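Report on the structure given below.
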Amino acid sequence: MLITNIKGLVGLHPKEKLVLRGSEMSNLPVLENAWLLIENDLIKDFGEMDSIPPSISCLPSTDAVDKYVFPSWCDSHSHIVFAASREEEFVMKIQGKSYEEIASAGGGILNSATKLREATEDDLFESALVRLNRMILNGTGALEIKSGYGLSVESEIKMLKVIRRLKENFPIPIKATFLAAHTYPIEYKGNHQGYIDLIIDEMLPQIAKENLADYIDVFCEKGFFSVEETDQILKAGAHYGLKPKVHANQLSISGAVEIAVKNNAVSVDHLEETNAETIQSLLNSNTIVTLLPSCSFYLGIPFGNAKGFMEANLPVALASDYNPGSTPSGNMNFVVSLGCIKLKMLPEQAINAATLNGAAALELSGDFGSIAIGKKANLFITKPMPSIAYLPYSFGETQIETVILNGEIYNG
Ligand SMILES: N=CN[C@@H](CCC(=O)O)C(=O)O
Ligand SMILES: [Zn+2]
């Protein structure tokens with residue numbers, strides 16, 4: 001496939017550039033008036049139209065005049081396997097109930113767990129594939145999906161098997177994260193160690209045996225898992241080769257970031273609450289700060305301190321957090337808009353955060369997240385746009401015209 005007359009070929013980071021820290025995030029290399037050649041599933045070459053070699057210009061081509069080509073969004077945090085929507089909680093929120101109040105009234109994660117236990121693997125697969133297809137058409141070309149609405153051996157395994165089926169049936173890379181430590185099931189409310197033992201002694205060995213997960217996650221938060229409990233679970237995960245990606249500082253500063261960094265977390269996610277110590281604890285690590293502005297928007301909680309993290313020279317990624325409770329949307333275009341509007345990121349910073357740094361938070365940035373020779377041809381062509389900043393500026397309206405995955409047009 002040859003794409004010609006591209007107004008701007010966006011995100012030309014060198015293939016060896018695997019993550020962007022702090023001020024590097026302001027640099028989004030763009031080639032104007034460009035061509036791009038894809039061979040099989042890989043980016044083969046690109047250049048300026050003025051100097052396109054005759055051997056390439058004679059090939060059949062897709063014309064992209066006035067349009068931009070972006071690397072696909074890399075969404076490193078989602079919970080898209082769930083049994084039912086939770087719009088009744090949406091109404092409770094409008095009536096003034098807090099996230100914690102809804103959770104303690106039997107809503108929240110436990111509500112999803114009850115419904116998921118009744119759903120079959122086929123039901124879950126069918127509903128998740130509809131969500132995933134919509135996300136892909138909105139430009140997502142690499143994704144992480146978590147378990148965590150099962151909360152029992154059988155249901156957590158069921159969720160992870162659904163994720164495995166999604167991996168097998170979709171043309172994008174998907175990483176699976178084991179999140180049984182999302183909340184305590186009711187039967188273990190008074191017996192935390194009992195549930196932790198269940199995770200460590202029964203769930204983890206089975207998951208490892210069947211190779212069902214890539215990462216381990218814990219919702220480390222007041223009323224959920226303590227720092228000590230988080231440490232215990234992350235260490236057990238490491239024993240089975242699962243690296244941590246941790247839900248940290250969503251509702252309060254808890255020490256979650258510090259314990260995640262000590263356990264070599266690939267990423268710490270949420271961080272709506274941050275202080276100087278949080279930033280300090282990340283300074284000498286490779287841990288990526290993944291911010292989820294759609295969650296802040298939907299819950300009305302603070303937005304992450306993207307500028308503070310970037311000023312501290314940390315790598316920031318943006319992800320959707322698509323889930324039925326706190327973020328019923330997987331639209332990464334909206335995430336990028338919120339990155340600009342609410343986190344005060346420049347369009348270049350927000351786009352880098354949702355592409356190369358998102359890929360880094362999935363440990364996939366060697367092959368995804370930028371336009372470079374030899375990388376996977378997962379990208380999208382926009383509608384005609386006046387500038388790159390127009391994409392986040394025109395929030396709520398899709399600018400994506402054509403999705404290309406593995407070098408082929410994806411129509412859903
Ligand atoms: N914070 C924990 N987990 C999800 C919300 C889960 C839910 O409410 O169902 C999140 O990332 O926001
Ligand atoms: Zn989450």
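Here's how to read the names in the structure tokens: chain A, B, ... by the order shown, residue numbers from 1 in each chain, ligand numbers from 1 in the order shown.
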
task: Find the residues near ligand 2. Use a cut-off of 9 Å, count only C-alpha atoms and all ligand atoms, and write them as number ranges by chain.
output: A: 77-79, 146, 182, 219, 246-247, 269-270, 292, 295, 320-323, 326-327

Near-stretch 374-376 of chain A list (9 Å; only C-alpha atoms; drop same-chain fewer than 2 positions) as a PyMOL selection string: chain A and resi 15+41-45+366-372+378-379+405-407

query: Which residues, written as a list in words, have at least one atom at most 9 Å from A:Met332, with only C-alpha atoms counted and residues fewer than 4 positions away on the same chain left out?
result: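 So the residues in contact are Trp73, Cys74, Asp75, Met135, Asn138, Gly139, Thr140, Leu318, Ala319, Ser320, Val336, Ser337 and Ala354 of chain A.
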
Writing out the chosen residues with N, CA and C atoms as a PDB file, in the first residue's frame:
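As a result, again-v5.pdb now contains:
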ATOM      1  N   TRP A  73      -3.524   5.049  18.094  1.00  0.00           N
ATOM      2  CA  TRP A  73      -3.478   5.249  19.556  1.00  0.00           C
ATOM      3  C   TRP A  73      -3.101   3.924  20.225  1.00  0.00           C
ATOM      4  N   CYS A  74      -2.323   4.008  21.287  1.00  0.00           N
ATOM      5  CA  CYS A  74      -1.960   2.820  22.077  1.00  0.00           C
ATOM      6  C   CYS A  74      -2.557   3.009  23.461  1.00  0.00           C
ATOM      7  N   ASP A  75      -3.647   2.306  23.726  1.00  0.00           N
ATOM      8  CA  ASP A  75      -4.440   2.513  24.941  1.00  0.00           C
ATOM      9  C   ASP A  75      -4.008   1.472  25.981  1.00  0.00           C
ATOM     10  N   MET A 135     -13.686   0.876  19.463  1.00  0.00           N
ATOM     11  CA  MET A 135     -12.420   1.529  19.851  1.00  0.00           C
ATOM     12  C   MET A 135     -11.452   1.564  18.674  1.00  0.00           C
ATOM     13  N   ASN A 138     -12.200   4.065  16.265  1.00  0.00           N
ATOM     14  CA  ASN A 138     -11.816   5.382  16.797  1.00  0.00           C
ATOM     15  C   ASN A 138     -10.299   5.536  16.878  1.00  0.00           C
ATOM     16  N   GLY A 139      -9.551   4.621  16.271  1.00  0.00           N
ATOM     17  CA  GLY A 139      -8.119   4.837  16.117  1.00  0.00           C
ATOM     18  C   GLY A 139      -7.212   4.035  17.032  1.00  0.00           C
ATOM     19  N   THR A 140      -7.764   3.208  17.907  1.00  0.00           N
ATOM     20  CA  THR A 140      -6.902   2.427  18.809  1.00  0.00           C
ATOM     21  C   THR A 140      -6.303   1.236  18.069  1.00  0.00           C
ATOM     22  N   LEU A 318      -1.175   8.588  28.154  1.00  0.00           N
ATOM     23  CA  LEU A 318      -2.615   8.809  28.315  1.00  0.00           C
ATOM     24  C   LEU A 318      -3.344   7.541  27.895  1.00  0.00           C
ATOM     25  N   ALA A 319      -4.346   7.143  28.670  1.00  0.00           N
ATOM     26  CA  ALA A 319      -5.124   5.945  28.325  1.00  0.00           C
ATOM     27  C   ALA A 319      -6.593   6.186  28.645  1.00  0.00           C
ATOM     28  N   SER A 320      -7.445   5.251  28.184  1.00  0.00           N
ATOM     29  CA  SER A 320      -8.894   5.516  28.296  1.00  0.00           C
ATOM     30  C   SER A 320      -9.487   5.143  29.651  1.00  0.00           C
ATOM     31  N   VAL A 336      -7.341  12.409  24.229  1.00  0.00           N
ATOM     32  CA  VAL A 336      -6.307  13.350  23.782  1.00  0.00           C
ATOM     33  C   VAL A 336      -6.831  14.792  23.905  1.00  0.00           C
ATOM     34  N   SER A 337      -8.096  14.998  23.569  1.00  0.00           N
ATOM     35  CA  SER A 337      -8.682  16.340  23.744  1.00  0.00           C
ATOM     36  C   SER A 337      -8.640  16.755  25.207  1.00  0.00           C
ATOM     37  N   ALA A 354      -0.336   9.490  23.975  1.00  0.00           N
ATOM     38  CA  ALA A 354      -1.342   8.493  23.576  1.00  0.00           C
ATOM     39  C   ALA A 354      -0.829   7.543  22.501  1.00  0.00           C
TER      40      ALA A 354
END

field: DSSP helix (DSSP H, G or I) selection over stretch 272-354 of chain A, as a PyMOL selection string
entry: chain A and resi 276-282+293-299+306-311+332-341+347-354

task: Tell me, as a ChimeraX atom specification, which residues lie within 12 Å of A:Met49, counting only C-alpha atoms; anything in the same chain fewer than 4 positions away does not count.
output: /A:2-9,31-37,53-54,56-57,63-65

field: Nearest residue to ligand 1 from the set A:Ala119, A:Ile163, A:Ile288, A:Ala248 (distances using only C-alpha atoms and all ligand atoms)
entry: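 The shortest atom-to-atom distance to ligand 1 comes from A:Ala248.
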
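Candidate residues A:Ile373, A:Ala180, A:Ala265, A:Leu314 were compared for distance to ligand 1, and the nearest is A:Ala180, using only C-alpha atoms and all ligand atoms.
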
- request: Write down as JSON, numbers by chain the residues belonging to stretch 360-409 of chain A that are assigned strand (DSSP E) by DSSP computed on the backbone.
  value: {"A": [379, 380, 381, 382, 383, 384, 400, 401, 402, 403, 404, 405, 408, 409]}

Restricting it to N, CA and C atoms, dump the selection as a PDB file, in the first residue's frame.
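Full text of result_14.pdb as output:
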ATOM      1  N   LEU A 379      -1.997   2.444  11.790  1.00  0.00           N
ATOM      2  CA  LEU A 379      -2.075   3.902  11.699  1.00  0.00           C
ATOM      3  C   LEU A 379      -3.470   4.324  11.248  1.00  0.00           C
ATOM      4  N   PHE A 380      -3.714   5.624  11.250  1.00  0.00           N
ATOM      5  CA  PHE A 380      -4.977   6.093  10.678  1.00  0.00           C
ATOM      6  C   PHE A 380      -4.753   7.334   9.835  1.00  0.00           C
ATOM      7  N   ILE A 381      -5.628   7.450   8.823  1.00  0.00           N
ATOM      8  CA  ILE A 381      -5.624   8.641   7.965  1.00  0.00           C
ATOM      9  C   ILE A 381      -6.792   9.501   8.423  1.00  0.00           C
ATOM     10  N   THR A 382      -6.518  10.781   8.611  1.00  0.00           N
ATOM     11  CA  THR A 382      -7.596  11.672   9.076  1.00  0.00           C
ATOM     12  C   THR A 382      -8.443  12.152   7.900  1.00  0.00           C
ATOM     13  N   LYS A 383      -9.517  12.828   8.250  1.00  0.00           N
ATOM     14  CA  LYS A 383     -10.252  13.623   7.255  1.00  0.00           C
ATOM     15  C   LYS A 383      -9.372  14.830   6.926  1.00  0.00           C
ATOM     16  N   PRO A 384      -9.716  15.599   5.923  1.00  0.00           N
ATOM     17  CA  PRO A 384      -8.949  16.829   5.707  1.00  0.00           C
ATOM     18  C   PRO A 384      -8.978  17.679   6.982  1.00  0.00           C
ATOM     19  N   ILE A 400     -11.119  10.824  12.213  1.00  0.00           N
ATOM     20  CA  ILE A 400     -10.510   9.640  11.592  1.00  0.00           C
ATOM     21  C   ILE A 400     -11.339   9.188  10.395  1.00  0.00           C
ATOM     22  N   GLU A 401     -10.662   9.036   9.266  1.00  0.00           N
ATOM     23  CA  GLU A 401     -11.375   8.611   8.055  1.00  0.00           C
ATOM     24  C   GLU A 401     -11.090   7.151   7.718  1.00  0.00           C
ATOM     25  N   THR A 402      -9.818   6.744   7.819  1.00  0.00           N
ATOM     26  CA  THR A 402      -9.437   5.379   7.432  1.00  0.00           C
ATOM     27  C   THR A 402      -8.517   4.793   8.499  1.00  0.00           C
ATOM     28  N   VAL A 403      -8.849   3.584   8.948  1.00  0.00           N
ATOM     29  CA  VAL A 403      -7.993   2.883   9.917  1.00  0.00           C
ATOM     30  C   VAL A 403      -7.228   1.799   9.173  1.00  0.00           C
ATOM     31  N   ILE A 404      -5.924   1.755   9.386  1.00  0.00           N
ATOM     32  CA  ILE A 404      -5.086   0.724   8.748  1.00  0.00           C
ATOM     33  C   ILE A 404      -4.402  -0.079   9.855  1.00  0.00           C
ATOM     34  N   LEU A 405      -4.599  -1.386   9.828  1.00  0.00           N
ATOM     35  CA  LEU A 405      -3.974  -2.274  10.817  1.00  0.00           C
ATOM     36  C   LEU A 405      -3.180  -3.345  10.084  1.00  0.00           C
ATOM     37  N   GLU A 408      -3.427  -3.232   6.399  1.00  0.00           N
ATOM     38  CA  GLU A 408      -4.694  -3.423   5.678  1.00  0.00           C
ATOM     39  C   GLU A 408      -5.772  -2.506   6.231  1.00  0.00           C
ATOM     40  N   ILE A 409      -6.652  -2.051   5.336  1.00  0.00           N
ATOM     41  CA  ILE A 409      -7.741  -1.170   5.788  1.00  0.00           C
ATOM     42  C   ILE A 409      -8.689  -1.983   6.664  1.00  0.00           C
TER      43      ILE A 409
END
